[in-house]
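Q: PDB, C-alpha atoms and all ligand atoms, file query.pdb:
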```
ATOM      1  CA  MET A  21      16.114 -24.905 -61.973
ATOM      2  CA  GLU A  22      18.274 -21.811 -62.341
ATOM      3  CA  ASN A  23      20.762 -23.677 -64.467
ATOM      4  CA  TYR A  24      18.051 -24.707 -66.855
ATOM      5  CA  GLU A  25      16.765 -21.159 -67.065
ATOM      6  CA  ARG A  26      20.245 -19.831 -67.707
ATOM      7  CA  ALA A  27      20.904 -22.523 -70.249
ATOM      8  CA  ALA A  28      17.671 -21.650 -71.991
ATOM      9  CA  ILE A  29      18.523 -17.940 -71.969
ATOM     10  CA  SER A  30      22.201 -18.215 -72.874
ATOM     11  CA  PRO A  31      21.721 -18.946 -76.606
ATOM     12  CA  ILE A  32      19.798 -15.656 -76.904
ATOM     13  CA  SER A  33      22.044 -13.416 -74.768
ATOM     14  CA  VAL A  34      25.591 -14.242 -75.840
ATOM     15  CA  SER A  35      27.080 -11.606 -73.484
ATOM     16  CA  THR A  36      27.629 -14.093 -70.644
ATOM     17  CA  PRO A  37      30.971 -15.825 -71.238
ATOM     18  CA  PRO A  38      31.402 -17.295 -67.702
ATOM     19  CA  PHE A  39      28.178 -19.272 -67.965
ATOM     20  CA  SER A  40      28.804 -20.402 -71.506
ATOM     21  CA  TYR A  41      31.949 -22.166 -70.214
ATOM     22  CA  THR A  42      30.026 -24.406 -67.761
ATOM     23  CA  PRO A  43      29.331 -27.999 -68.837
ATOM     24  CA  SER A  44      25.588 -27.270 -68.911
ATOM     25  CA  SER A  45      26.225 -25.080 -71.984
ATOM     26  CA  SER A  46      26.539 -28.241 -74.071
ATOM     27  CA  SER A  47      22.931 -29.151 -73.329
ATOM     28  CA  PRO A  48      21.104 -26.157 -74.895
ATOM     29  CA  PRO A  49      21.089 -27.660 -78.420
ATOM     30  CA  SER A  50      19.338 -30.796 -77.119
ATOM     31  CA  GLN A  51      16.999 -28.659 -74.995
ATOM     32  CA  GLN A  52      16.174 -26.527 -78.001
ATOM     33  CA  SER A  53      15.038 -29.669 -79.744
ATOM     34  CA  SER A  54      12.985 -30.779 -76.711
ATOM     35  CA  PRO A  55      10.048 -28.389 -77.404
ATOM     36  CA  LEU A  56       9.555 -30.390 -80.597
ATOM     37  CA  LEU A  57       9.014 -33.531 -78.501
ATOM     38  CA  PRO A  58       5.674 -34.279 -76.781
ATOM     39  CA  PRO A  59       5.056 -32.526 -73.387
ATOM     40  CA  PRO A  60       5.742 -35.450 -70.917
ATOM     41  CA  LEU A  61       9.058 -34.248 -69.428
ATOM     42  CA  PRO A  62       9.500 -36.646 -66.410
ATOM     43  CA  PRO A  63      11.318 -39.378 -68.400
ATOM     44  CA  PRO A  64      14.461 -37.235 -69.029
ATOM     45  CA  THR A  65      14.654 -36.336 -65.277
ATOM     46  CA  THR A  66      14.788 -39.999 -64.238
ATOM     47  CA  ILE A  67      18.253 -41.073 -63.067
ATOM     48  CA  LEU A  68      19.568 -44.129 -64.869
ATOM     49  CA  SER A  69      20.560 -45.928 -61.680
ATOM     50  CA  PRO A  70      17.989 -45.358 -58.918
ATOM     51  CA  CYS A  71      19.193 -44.493 -55.420
ATOM     52  CA  ALA A  72      19.153 -47.262 -52.838
ATOM     53  CA  ALA A  73      16.045 -45.793 -51.198
ATOM     54  CA  CYS A  74      13.982 -45.648 -54.386
ATOM     55  CA  LYS A  75      15.151 -49.108 -55.396
ATOM     56  CA  ILE A  76      14.042 -50.572 -52.055
ATOM     57  CA  LEU A  77      10.778 -48.592 -52.100
ATOM     58  CA  ARG A  78      10.272 -49.680 -55.725
ATOM     59  CA  ARG A  79       9.556 -46.189 -56.936
ATOM     60  CA  ARG A  80      11.001 -44.055 -59.677
ATOM     61  CA  CYS A  81      14.059 -42.058 -58.601
ATOM     62  CA  VAL A  82      13.599 -38.553 -59.930
ATOM     63  CA  GLU A  83      16.403 -36.016 -60.412
ATOM     64  CA  LYS A  84      15.376 -34.089 -57.308
ATOM     65  CA  CYS A  85      15.047 -37.166 -55.122
ATOM     66  CA  VAL A  86      15.728 -35.989 -51.548
ATOM     67  CA  LEU A  87      17.203 -39.347 -50.609
ATOM     68  CA  ALA A  88      19.477 -39.904 -53.615
ATOM     69  CA  PRO A  89      22.504 -37.873 -52.388
ATOM     70  CA  TYR A  90      22.605 -39.768 -49.082
ATOM     71  CA  PHE A  91      21.577 -43.263 -50.070
ATOM     72  CA  PRO A  92      23.718 -44.236 -53.053
ATOM     73  CA  PRO A  93      22.937 -47.554 -54.795
ATOM     74  CA  THR A  94      26.304 -48.871 -53.615
ATOM     75  CA  GLU A  95      25.223 -48.810 -49.945
ATOM     76  CA  PRO A  96      21.702 -50.294 -49.839
ATOM     77  CA  TYR A  97      22.028 -51.501 -46.209
ATOM     78  CA  LYS A  98      22.082 -47.866 -44.991
ATOM     79  CA  PHE A  99      18.544 -47.231 -46.197
ATOM     80  CA  THR A 100      17.301 -50.700 -45.227
ATOM     81  CA  ILE A 101      18.352 -50.115 -41.604
ATOM     82  CA  ALA A 102      17.107 -46.516 -41.368
ATOM     83  CA  HIS A 103      13.827 -47.417 -43.095
ATOM     84  CA  ARG A 104      13.248 -50.322 -40.708
ATOM     85  CA  VAL A 105      13.472 -48.060 -37.656
ATOM     86  CA  PHE A 106      12.313 -44.620 -38.818
ATOM     87  CA  GLY A 107      10.232 -45.370 -41.902
ATOM     88  CA  ALA A 108      10.830 -43.808 -45.316
ATOM     89  CA  SER A 109       8.230 -41.049 -44.920
ATOM     90  CA  ASN A 110       9.764 -39.911 -41.637
ATOM     91  CA  ILE A 111      13.273 -39.912 -43.131
ATOM     92  CA  ILE A 112      12.035 -37.784 -46.045
ATOM     93  CA  LYS A 113      10.209 -35.450 -43.644
ATOM     94  CA  PHE A 114      13.288 -35.048 -41.430
ATOM     95  CA  LEU A 115      15.490 -34.271 -44.417
ATOM     96  CA  GLN A 116      13.049 -31.782 -45.940
ATOM     97  CA  GLU A 117      12.929 -29.855 -42.672
ATOM     98  CA  LEU A 118      16.718 -29.462 -42.611
ATOM     99  CA  PRO A 119      19.035 -27.219 -44.646
ATOM    100  CA  GLU A 120      20.997 -29.193 -47.241
ATOM    101  CA  SER A 121      24.272 -28.593 -45.392
ATOM    102  CA  GLN A 122      23.035 -30.646 -42.423
ATOM    103  CA  ARG A 123      21.301 -33.472 -44.244
ATOM    104  CA  ALA A 124      24.348 -35.736 -44.633
ATOM    105  CA  ASP A 125      25.027 -35.584 -40.882
ATOM    106  CA  ALA A 126      21.352 -36.220 -40.149
ATOM    107  CA  VAL A 127      21.404 -39.328 -42.352
ATOM    108  CA  SER A 128      24.603 -40.591 -40.685
ATOM    109  CA  SER A 129      23.107 -40.156 -37.226
ATOM    110  CA  MET A 130      19.816 -41.776 -38.262
ATOM    111  CA  VAL A 131      21.687 -44.794 -39.653
ATOM    112  CA  TYR A 132      23.769 -44.954 -36.459
ATOM    113  CA  GLU A 133      20.689 -44.704 -34.260
ATOM    114  CA  ALA A 134      18.827 -47.307 -36.292
ATOM    115  CA  ASN A 135      21.802 -49.676 -36.054
ATOM    116  CA  ALA A 136      21.913 -49.240 -32.295
ATOM    117  CA  ARG A 137      18.159 -49.823 -31.984
ATOM    118  CA  ILE A 138      18.375 -53.039 -33.992
ATOM    119  CA  ARG A 139      21.331 -54.257 -31.929
ATOM    120  CA  ASP A 140      19.725 -53.268 -28.625
ATOM    121  CA  PRO A 141      15.909 -53.173 -28.992
ATOM    122  CA  VAL A 142      15.426 -52.085 -25.370
ATOM    123  CA  TYR A 143      17.876 -49.207 -24.988
ATOM    124  CA  GLY A 144      19.127 -48.474 -28.503
ATOM    125  CA  CYS A 145      21.503 -45.497 -28.498
ATOM    126  CA  THR A 146      20.604 -44.746 -24.893
ATOM    127  CA  GLY A 147      22.397 -47.928 -23.827
ATOM    128  CA  ALA A 148      25.662 -46.693 -25.339
ATOM    129  CA  ILE A 149      25.136 -43.163 -23.950
ATOM    130  CA  CYS A 150      24.467 -44.454 -20.401
ATOM    131  CA  GLN A 151      27.510 -46.710 -20.552
ATOM    132  CA  LEU A 152      29.674 -43.791 -21.684
ATOM    133  CA  LEU A 153      28.247 -41.493 -18.993
ATOM    134  CA  LYS A 154      29.031 -44.139 -16.363
ATOM    135  CA  GLN A 155      32.562 -44.416 -17.764
ATOM    136  CA  VAL A 156      32.933 -40.614 -17.657
ATOM    137  CA  SER A 157      31.859 -40.433 -14.002
ATOM    138  CA  GLU A 158      34.212 -43.301 -13.092
ATOM    139  CA  LEU A 159      37.089 -41.566 -14.845
ATOM    140  CA  GLN A 160      36.220 -38.266 -13.147
ATOM    141  CA  ALA A 161      36.342 -40.022  -9.752
ATOM    142  CA  GLN A 162      39.719 -41.554 -10.653
ATOM    143  CA  LEU A 163      40.986 -38.154 -11.736
ATOM    144  CA  ALA A 164      39.824 -36.508  -8.483
ATOM    145  CA  LYS A 165      41.560 -39.259  -6.479
ATOM    146  CA  ALA A 166      44.768 -38.842  -8.470
ATOM    147  CA  GLN A 167      44.635 -35.060  -8.008
ATOM    148  CA  ALA A 168      44.191 -35.487  -4.226
ATOM    149  CA  GLU A 169      47.166 -37.894  -4.138
ATOM    150  CA  LEU A 170      49.202 -35.381  -6.126
ATOM    151  CA  VAL A 171      48.427 -32.612  -3.594
ATOM    152  CA  THR A 172      49.420 -34.923  -0.703
ATOM    153  CA  MET A 173      52.665 -35.827  -2.481
ATOM    154  CA  GLN A 174      53.416 -32.175  -3.184
ATOM    155  CA  CYS A 175      52.936 -31.384   0.549
ATOM    156  CA  GLN A 176      55.208 -34.273   1.505
ATOM    157  CA  GLN A 177      57.819 -33.079  -0.962
ATOM    158  CA  ALA A 178      57.677 -29.545   0.457
ATOM    159  CA  ASP A 179      58.135 -30.924   3.987
ATOM    160  CA  LEU A 180      61.036 -33.071   2.861
ATOM    161  CA  ILE A 181      62.710 -30.116   1.155
ATOM    162  CA  ALA A 182      62.304 -28.041   4.325
ATOM    163  CA  VAL A 183      63.913 -30.828   6.394
ATOM    164  CA  ILE A 184      66.799 -31.148   3.899
ATOM    165  CA  CYS A 185      67.363 -27.386   3.945
ATOM    166  CA  MET A 186      67.392 -27.282   7.711
ATOM    167  CA  ALA A 187      69.808 -30.218   7.896
ATOM    168  CA  ARG A 188      72.089 -28.621   5.312
ATOM    169  CA  GLU A 189      72.045 -25.317   7.160
ATOM    170  CA  SER A 190      72.949 -26.866  10.498
ATOM    171  CA  PHE A 191      75.616 -28.959   8.773
ATOM    172  CA  SER A 192      77.194 -25.908   7.146
ATOM    173  CA  GLN A 193      77.122 -24.058  10.488
ATOM    174  CA  GLN A 194      78.855 -27.002  12.093
ATOM    175  CA  GLN A 195      81.381 -27.098   9.249
ATOM    176  CA  GLN A 196      82.034 -23.375   9.674
ATOM    177  CA  PHE A 197      82.697 -23.883  13.381
ATOM    178  CA  THR A 198      85.057 -26.782  12.670
ATOM    179  CA  ASP A 199      86.875 -24.767   9.985
ATOM    180  CA  ASP A 200      87.253 -21.798  12.336
ATOM    181  CA  THR A 201      88.604 -24.042  15.067
ATOM    182  CA  THR A 202      91.043 -25.751  12.710
ATOM    183  CA  SER A 203      92.329 -22.465  11.239
ATOM    184  CA  PHE A 204      92.682 -21.033  14.712
ATOM    185  CA  LEU A 205      94.688 -24.056  15.789
ATOM    186  CA  ASN A 206      96.814 -23.924  12.635
ATOM    187  CA  GLU A 207      97.486 -20.235  13.073
ATOM    188  CA  THR A 208      98.523 -20.835  16.666
ATOM    189  CA  ALA A 209     100.764 -23.663  15.538
ATOM    190  CA  LEU A 210     102.371 -21.451  12.857
ATOM    191  CA  ASP A 211     102.840 -18.601  15.271
ATOM    192  CA  SER A 212     104.485 -20.890  17.716
ATOM    193  CA  ALA A 213     106.660 -22.261  14.883
ATOM    194  CA  TRP A 214     107.779 -18.734  14.008
ATOM    195  CA  GLU A 215     108.458 -18.068  17.550
ATOM    196  CA  LEU A 216     110.801 -20.987  17.710
ATOM    197  CA  PRO A 217     114.395 -19.834  18.035
ATOM    198  CA  LEU A 218     116.704 -20.662  15.154
TER     199      LEU A 218
HETATM  200 ZN    ZN B 301      15.830 -41.798 -55.151
END
```
Is it possible to give me this structure as structure tokens?
A:
Amino acid sequence: MENYERAAISPISVSTPPFSYTPSSSSPPSQQSSPLLPPPLPPPTTILSPCAACKILRRRCVEKCVLAPYFPPTEPYKFTIAHRVFGASNIIKFLQELPESQRADAVSSMVYEANARIRDPVYGCTGAICQLLKQVSELQAQLAKAQAELVTMQCQQADLIAVICMARESFSQQQQFTDDTTSFLNETALDSAWELPL
């Protein structure tokens, strides 16, 4: 809309160089000639290749087609699946209620949900969610068990270290005693050697 307005204004006000550089600036000459043509404007707004949605719905794909950006003609199965589960009018309604920045994600999730529903008509996405929740709780239980084992092992390690320290201490005390005894004996032996008459 705005681009068209700007394009229509730009030939009159030449003092807007940034806009005159945009590709849309090449269209004003053709648009200037359009007022000469009869009023019915819809034909020029029709996209040459209709989007997958419009092709399947057998309707004309207009330039502002809400579905066109998300259902390209190269991926028709996406719309077929989503349409089968949600219905075209609901898809359009959902998209119109969302800001454009979130529409692509909404379409992806709708296609995913529709796929799941077709695969599993009873539980659909819920089946996958429940399975994952079960897996999460199983893994959490495993983690808690492993953490408990780790604490036990850490306690055992601390006990073992205490035992080793005690053993080492008593060993070094014993060693000290032996050393003292040996040096005492040696000293006595030396003294007695000195005392020996020449
Ligand atoms: Zn379309």
Q: Ranking A:Leu87, A:Phe197, A:Pro92, A:Glu189 by minimum distance to A:Ser109 and counting all atoms listed in the file, which one comes first?
A: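 Closest candidate: A:Leu87.
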Q: For atom CA of A:Tyr132 and atom CA of A:Gly144, determine how far apart the two atoms are, in Å to one decimal place.
A: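 Computing the Euclidean distance for atom CA of A:Tyr132 and atom CA of A:Gly144 yields 9.9 Å.
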Q: Please identify every polymer residue within 12 Å of ligand ZN 301 (chain B), using all atoms listed in the file, and present the set as a ChimeraX atom specification.
A: /A:65-93,96,99,108,112
Q: Emit the selected residues as a JSON list (two decimals), keeping the file's coordinate frame, including C-alpha atoms.
A:
```json
[["chain", "number", "residue", "atom", "x", "y", "z"],
["A", 65, "THR", "CA", 14.65, -36.34, -65.28],
["A", 66, "THR", "CA", 14.79, -40.00, -64.24],
["A", 67, "ILE", "CA", 18.25, -41.07, -63.07],
["A", 68, "LEU", "CA", 19.57, -44.13, -64.87],
["A", 69, "SER", "CA", 20.56, -45.93, -61.68],
["A", 70, "PRO", "CA", 17.99, -45.36, -58.92],
["A", 71, "CYS", "CA", 19.19, -44.49, -55.42],
["A", 72, "ALA", "CA", 19.15, -47.26, -52.84],
["A", 73, "ALA", "CA", 16.05, -45.79, -51.20],
["A", 74, "CYS", "CA", 13.98, -45.65, -54.39],
["A", 75, "LYS", "CA", 15.15, -49.11, -55.40],
["A", 76, "ILE", "CA", 14.04, -50.57, -52.06],
["A", 77, "LEU", "CA", 10.78, -48.59, -52.10],
["A", 78, "ARG", "CA", 10.27, -49.68, -55.72],
["A", 79, "ARG", "CA", 9.56, -46.19, -56.94],
["A", 80, "ARG", "CA", 11.00, -44.06, -59.68],
["A", 81, "CYS", "CA", 14.06, -42.06, -58.60],
["A", 82, "VAL", "CA", 13.60, -38.55, -59.93],
["A", 83, "GLU", "CA", 16.40, -36.02, -60.41],
["A", 84, "LYS", "CA", 15.38, -34.09, -57.31],
["A", 85, "CYS", "CA", 15.05, -37.17, -55.12],
["A", 86, "VAL", "CA", 15.73, -35.99, -51.55],
["A", 87, "LEU", "CA", 17.20, -39.35, -50.61],
["A", 88, "ALA", "CA", 19.48, -39.90, -53.62],
["A", 89, "PRO", "CA", 22.50, -37.87, -52.39],
["A", 90, "TYR", "CA", 22.60, -39.77, -49.08],
["A", 91, "PHE", "CA", 21.58, -43.26, -50.07],
["A", 92, "PRO", "CA", 23.72, -44.24, -53.05],
["A", 93, "PRO", "CA", 22.94, -47.55, -54.80],
["A", 96, "PRO", "CA", 21.70, -50.29, -49.84],
["A", 99, "PHE", "CA", 18.54, -47.23, -46.20],
["A", 108, "ALA", "CA", 10.83, -43.81, -45.32],
["A", 112, "ILE", "CA", 12.04, -37.78, -46.04]]
```
Q: May I ask for the distance between atom CA of A:Val127 and atom CA of A:Ala102, given in Å to one decimal place?
A: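 Distance between the two atoms: 8.4 Å.
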Q: Tell me, in Å to one decimal, how far atom CA of A:Ala136 is from atom CA of A:Lys154.
A: 18.2 Å
